[in-house]
Amino acid sequence: MDLSSLKNRSDLSFQSALAKKNALEKAHSRSIMAYNGCLFRADASTINLISVLKQYHKEFVVLDANENPCMITDADGFLKLLIERNQECLNQYHQLHEQLKKK
Amino acid sequence: MSAGALIYCFDTEQVQYHACTNFAISLIKKNLNLPVTVVTNEQTKEHIRGQDQILLIEQKKGNRRFYNGNAVPWYNADRTEAYEHSPYDTTLLLDSDYFVYTNNLLQLLSSDEEFLLYQDAYDLTDRKSFDYQTMSVIPMVWATVIVFKKCEKSKQIFEMVKHIKSNYSYFCNLYRIQFSNYRNDYAFAMALNQLFPEEKRHLIPGSMSMLPADTEVTKIDEHGLTFKFDKYINFIEGHDVHVYNKEIKFNV
C-alpha cells in the first residue's frame, strides 16, 4: 500500500471518528428532559437509580442534573419516559454508527 | 403564560447579521413553534423576515471585536436590556447565529428554573477551541442561549449585568479576565458569581455545540449543515449549533 492510500485512510478515519463523536454529543443533548419542573439526563445512571428506588419506595426524592431535589410520585411513569428518551437518542446514534462502520 | 424567542440583530458594514437572523427565525418557527421578537434598528429592520414582532431601538455603539483579522464594530451591549425588551413571561434569548435544528430547548422552557444558560461549549471540529479556563478566575458562561422567566431573580441578574457593564474594567480586574472589550459572556458570569456564588441551578445540563470562526459552512439547509476546516469536511443534522463564522451562503 502506498503512502497516499494510507494518508487517505487516516483522513477518512479521522472524519468518521469526528462524525461519531458529534453524533454522541447530539445524543447527549437530546437526553436532557424536563420532569416535574426539574431537568434530568435520560442516561443509564438515572434509569438505574429510578429502577432501584422504585423497588423500595412508592414515592422518593432524587436530585436532578443541577442537584435540585425532585419528589417522584409516579416512578413507573417517569421511568417509562426516561427509557423512551434514552432509546430515542441511542437508536439515532446506533444508525449513524452502523453507516460509518460500512465506510 | 406566554413564551417566545428574542433575537438582537444589527447589521454592520462587515457583517449582514440579518441573513443569519432570518434563517434562525425560520428554524425557530419550524422546530420550536414559538413566536419571535427581533430587537433591531431602522436600517436593519427592512431586511428582517418571518418575525412576529419587531422592537426598534438605536443600538449602543463603541464596542469592537476582532473578526477576520480586523477590529470591527460589535453591537452587543443592548442584550443587557433583554428583561425589559422581552414581551414574554418566559423568554428564549438567542444569538442570531444560533441555529435551532431540534426541539430540545422546549425542555428548558418546561422546567421550573427561572434563569438558565450554558457553561460548557463543545467544539464540533474536536479542537477544543472554546476552552477559556485560563482566561479568568471564574468559569465563563455563554450568553448565546439564555432562558429566563419574568421574576425577581432574573431581574436581579440583568440589573447586576448592567452594573458590571458600567464598571467593566473594574470587574475585569477583579476577576482577572483577559478580555478587555465588553463581552456579555463574562458579564453574565460575573453577575451570577456576585449574586449566586454557590448555586449551579442556572446551568443548562450538557454543552452548547459550536463551530469555530475558522470553520467554513459550505452548505446549509433546514435539516443541517456541512462544514469545512483545514482539509476536513463533516456535517451535522438535527443538532443545534452556534456558528461563529458569519459568512454563510444561505440558499434556503
# chains A, B, ... in the order shown; residues from 1 in each chain; ligands from 1
$ closest_atom_pairs --of "chain B" --to "chain A" --cutoff "7 Å" --atoms "only C-alpha atoms" --output "tab-separated table"
residue	atom	partner	partner_atom	distance
B:Asn104	CA	A:Arg30	CA	6.1
B:Gln107	CA	A:Ala34	CA	5.2
B:Leu108	CA	A:Ala34	CA	6.8
B:Ser110	CA	A:Ala34	CA	6.1
B:Ser111	CA	A:Gly37	CA	4.1
B:Asp112	CA	A:Gly37	CA	4.4
B:Leu124	CA	A:Asn22	CA	6.3
B:Lys200	CA	A:Asn66	CA	6.2
B:Arg201	CA	A:Asn66	CA	5.3
B:Pro205	CA	A:Ala65	CA	6.3
B:Gly206	CA	A:Ser29	CA	6.2
B:Asn234	CA	A:Gln15	CA	6.8
B:His239	CA	A:Lys26	CA	5.9
$ closest_atom_pairs --of "region 135-218 of chain B" --to "region 89-100 of chain B" --cutoff "9 Å" --atoms "only C-alpha atoms" --output "JSON lines"
{"residue": "B:Ala143", "atom": "CA", "partner": "B:Leu94", "partner_atom": "CA", "distance": 8.1}
{"residue": "B:Thr144", "atom": "CA", "partner": "B:Asp95", "partner_atom": "CA", "distance": 5.1}
{"residue": "B:Val145", "atom": "CA", "partner": "B:Leu94", "partner_atom": "CA", "distance": 4.8}
{"residue": "B:Ile146", "atom": "CA", "partner": "B:Leu93", "partner_atom": "CA", "distance": 5.0}
{"residue": "B:Val147", "atom": "CA", "partner": "B:Leu92", "partner_atom": "CA", "distance": 4.7}
{"residue": "B:Phe148", "atom": "CA", "partner": "B:Thr91", "partner_atom": "CA", "distance": 5.4}
{"residue": "B:Lys149", "atom": "CA", "partner": "B:Thr90", "partner_atom": "CA", "distance": 4.4}
{"residue": "B:Lys150", "atom": "CA", "partner": "B:Asp89", "partner_atom": "CA", "distance": 5.3}
{"residue": "B:Cys151", "atom": "CA", "partner": "B:Asp89", "partner_atom": "CA", "distance": 8.6}
{"residue": "B:Met210", "atom": "CA", "partner": "B:Tyr98", "partner_atom": "CA", "distance": 8.9}
$ select_by_dssp --residues "region 13-99 of chain A" --states "alpha helix (DSSP H)" --output "PyMOL selection string"
chain A and resi 13-30+44-56+75-99
$ select_by_dssp --residues "region 3-36 of chain B" --states "strand (DSSP E)" --output "ChimeraX atom specification"
/B:3-9,36
$ atom_distance --atom1 "CA of Leu55 (chain B)" --atom2 "CA of Thr21 (chain B)"
14.2 Å
$ residues_around --residues "region 86-97 of chain A" --least-positions-apart "3" --cutoff "6 Å" --atoms "only C-alpha atoms" --output "number ranges by chain"
A: 27, 42, 82-83, 100
$ atom_distance --atom1 "CA of Thr73 (chain A)" --atom2 "CA of His57 (chain A)"
9.6 Å
$ residues_around --residues "His47 (chain B)" --least-positions-apart "4" --cutoff "10 Å" --atoms "only C-alpha atoms" --output "mmCIF file with C-alpha atoms, in the first residue's frame"
data_model
loop_
_atom_site.group_PDB
_atom_site.id
_atom_site.type_symbol
_atom_site.label_atom_id
_atom_site.label_comp_id
_atom_site.auth_asym_id
_atom_site.auth_seq_id
_atom_site.Cartn_x
_atom_site.Cartn_y
_atom_site.Cartn_z
ATOM 1 C CA ASP B 11 -26.188 44.820 10.589
ATOM 2 C CA GLN B 16 -25.054 41.213 7.380
ATOM 3 C CA TYR B 17 -26.458 39.756 10.593
ATOM 4 C CA HIS B 18 -29.989 39.847 9.184
ATOM 5 C CA ALA B 19 -29.196 36.846 6.929
ATOM 6 C CA THR B 21 -31.398 36.124 11.850
ATOM 7 C CA ASN B 22 -33.841 35.289 9.055
ATOM 8 C CA GLU B 42 -34.268 51.229 11.478
ATOM 9 C CA GLN B 43 -31.560 50.300 8.927
#
$ closest_residue --among "A:Leu24, A:Ile47, A:Leu63, A:Leu53" --to "Leu81 (chain A)" --atoms "only C-alpha atoms"
A:Ile47
$ decode --residues "region 158-240 of chain B" --atoms "C-alpha atoms" --output "JSON list (two decimals), in the first residue's frame"
[["chain", "number", "residue", "atom", "x", "y", "z"],
["B", 158, "PHE", "CA", -29.96, 41.61, 34.42],
["B", 159, "GLU", "CA", -29.61, 44.60, 36.78],
["B", 160, "MET", "CA", -26.29, 43.22, 38.02],
["B", 161, "VAL", "CA", -25.11, 42.71, 34.43],
["B", 162, "LYS", "CA", -25.91, 46.36, 33.70],
["B", 163, "HIS", "CA", -23.94, 47.43, 36.78],
["B", 164, "ILE", "CA", -20.99, 45.28, 35.66],
["B", 165, "LYS", "CA", -21.18, 46.71, 32.15],
["B", 166, "SER", "CA", -20.97, 50.25, 33.58],
["B", 167, "ASN", "CA", -17.87, 49.28, 35.57],
["B", 168, "TYR", "CA", -16.46, 46.69, 33.22],
["B", 169, "SER", "CA", -12.74, 47.48, 33.68],
["B", 170, "TYR", "CA", -13.06, 47.22, 37.45],
["B", 171, "PHE", "CA", -14.81, 43.85, 37.31],
["B", 172, "CYS", "CA", -12.40, 42.53, 34.66],
["B", 173, "ASN", "CA", -9.53, 43.34, 37.02],
["B", 174, "LEU", "CA", -11.37, 41.81, 39.96],
["B", 175, "TYR", "CA", -11.90, 38.51, 38.12],
["B", 176, "ARG", "CA", -8.61, 38.75, 36.16],
["B", 177, "ILE", "CA", -10.45, 38.49, 32.87],
["B", 178, "GLN", "CA", -8.11, 38.72, 29.89],
["B", 179, "PHE", "CA", -10.67, 40.21, 27.52],
["B", 180, "SER", "CA", -10.85, 43.98, 27.80],
["B", 181, "ASN", "CA", -13.70, 44.61, 25.31],
["B", 182, "TYR", "CA", -17.17, 44.25, 26.77],
["B", 183, "ARG", "CA", -18.38, 40.69, 26.40],
["B", 184, "ASN", "CA", -21.80, 39.50, 27.56],
["B", 185, "ASP", "CA", -20.49, 36.01, 28.34],
["B", 186, "TYR", "CA", -18.17, 37.37, 31.03],
["B", 187, "ALA", "CA", -20.67, 39.98, 32.23],
["B", 188, "PHE", "CA", -23.22, 37.24, 32.95],
["B", 189, "ALA", "CA", -20.55, 35.01, 34.51],
["B", 190, "MET", "CA", -19.56, 37.82, 36.87],
["B", 191, "ALA", "CA", -23.17, 38.74, 37.67],
["B", 192, "LEU", "CA", -24.02, 35.14, 38.56],
["B", 193, "ASN", "CA", -20.88, 34.87, 40.65],
["B", 194, "GLN", "CA", -21.74, 38.08, 42.50],
["B", 195, "LEU", "CA", -25.36, 37.13, 43.16],
["B", 196, "PHE", "CA", -25.33, 33.35, 43.50],
["B", 197, "PRO", "CA", -21.73, 32.20, 44.08],
["B", 198, "GLU", "CA", -22.64, 28.78, 45.42],
["B", 199, "GLU", "CA", -25.50, 27.95, 43.08],
["B", 200, "LYS", "CA", -25.31, 25.91, 39.94],
["B", 201, "ARG", "CA", -29.03, 25.95, 39.34],
["B", 202, "HIS", "CA", -28.70, 28.38, 36.45],
["B", 203, "LEU", "CA", -26.74, 25.98, 34.22],
["B", 204, "ILE", "CA", -28.21, 24.14, 31.25],
["B", 205, "PRO", "CA", -27.12, 20.50, 31.56],
["B", 206, "GLY", "CA", -24.73, 19.47, 28.80],
["B", 207, "SER", "CA", -22.74, 21.57, 26.36],
["B", 208, "MET", "CA", -23.54, 24.03, 23.61],
["B", 209, "SER", "CA", -22.28, 22.77, 20.25],
["B", 210, "MET", "CA", -20.23, 25.32, 18.34],
["B", 211, "LEU", "CA", -18.32, 25.81, 15.10],
["B", 212, "PRO", "CA", -15.20, 27.99, 15.45],
["B", 213, "ALA", "CA", -14.59, 31.15, 13.39],
["B", 214, "ASP", "CA", -12.08, 29.49, 11.07],
["B", 215, "THR", "CA", -14.63, 26.85, 10.06],
["B", 216, "GLU", "CA", -16.45, 27.47, 6.79],
["B", 217, "VAL", "CA", -20.08, 26.47, 6.41],
["B", 218, "THR", "CA", -20.16, 25.09, 2.86],
["B", 219, "LYS", "CA", -23.79, 24.04, 2.75],
["B", 220, "ILE", "CA", -26.75, 24.79, 4.94],
["B", 221, "ASP", "CA", -30.43, 23.95, 4.83],
["B", 222, "GLU", "CA", -33.38, 23.33, 7.13],
["B", 223, "HIS", "CA", -32.06, 19.89, 8.15],
["B", 224, "GLY", "CA", -28.42, 20.64, 8.97],
["B", 225, "LEU", "CA", -25.14, 21.95, 7.66],
["B", 226, "THR", "CA", -21.85, 20.84, 6.16],
["B", 227, "PHE", "CA", -18.66, 22.44, 7.46],
["B", 228, "LYS", "CA", -15.04, 22.54, 6.38],
["B", 229, "PHE", "CA", -11.91, 23.11, 8.46],
["B", 230, "ASP", "CA", -8.32, 22.50, 7.39],
["B", 231, "LYS", "CA", -8.75, 19.79, 4.78],
["B", 232, "TYR", "CA", -11.64, 18.08, 6.51],
["B", 233, "ILE", "CA", -15.32, 18.16, 5.66],
["B", 234, "ASN", "CA", -18.04, 16.98, 8.01],
["B", 235, "PHE", "CA", -21.73, 17.51, 8.59],
["B", 236, "ILE", "CA", -24.35, 17.68, 11.31],
["B", 237, "GLU", "CA", -28.06, 17.04, 11.05],
["B", 238, "GLY", "CA", -30.74, 17.66, 13.67],
["B", 239, "HIS", "CA", -28.14, 19.17, 16.01],
["B", 240, "ASP", "CA", -28.45, 22.70, 17.48]]
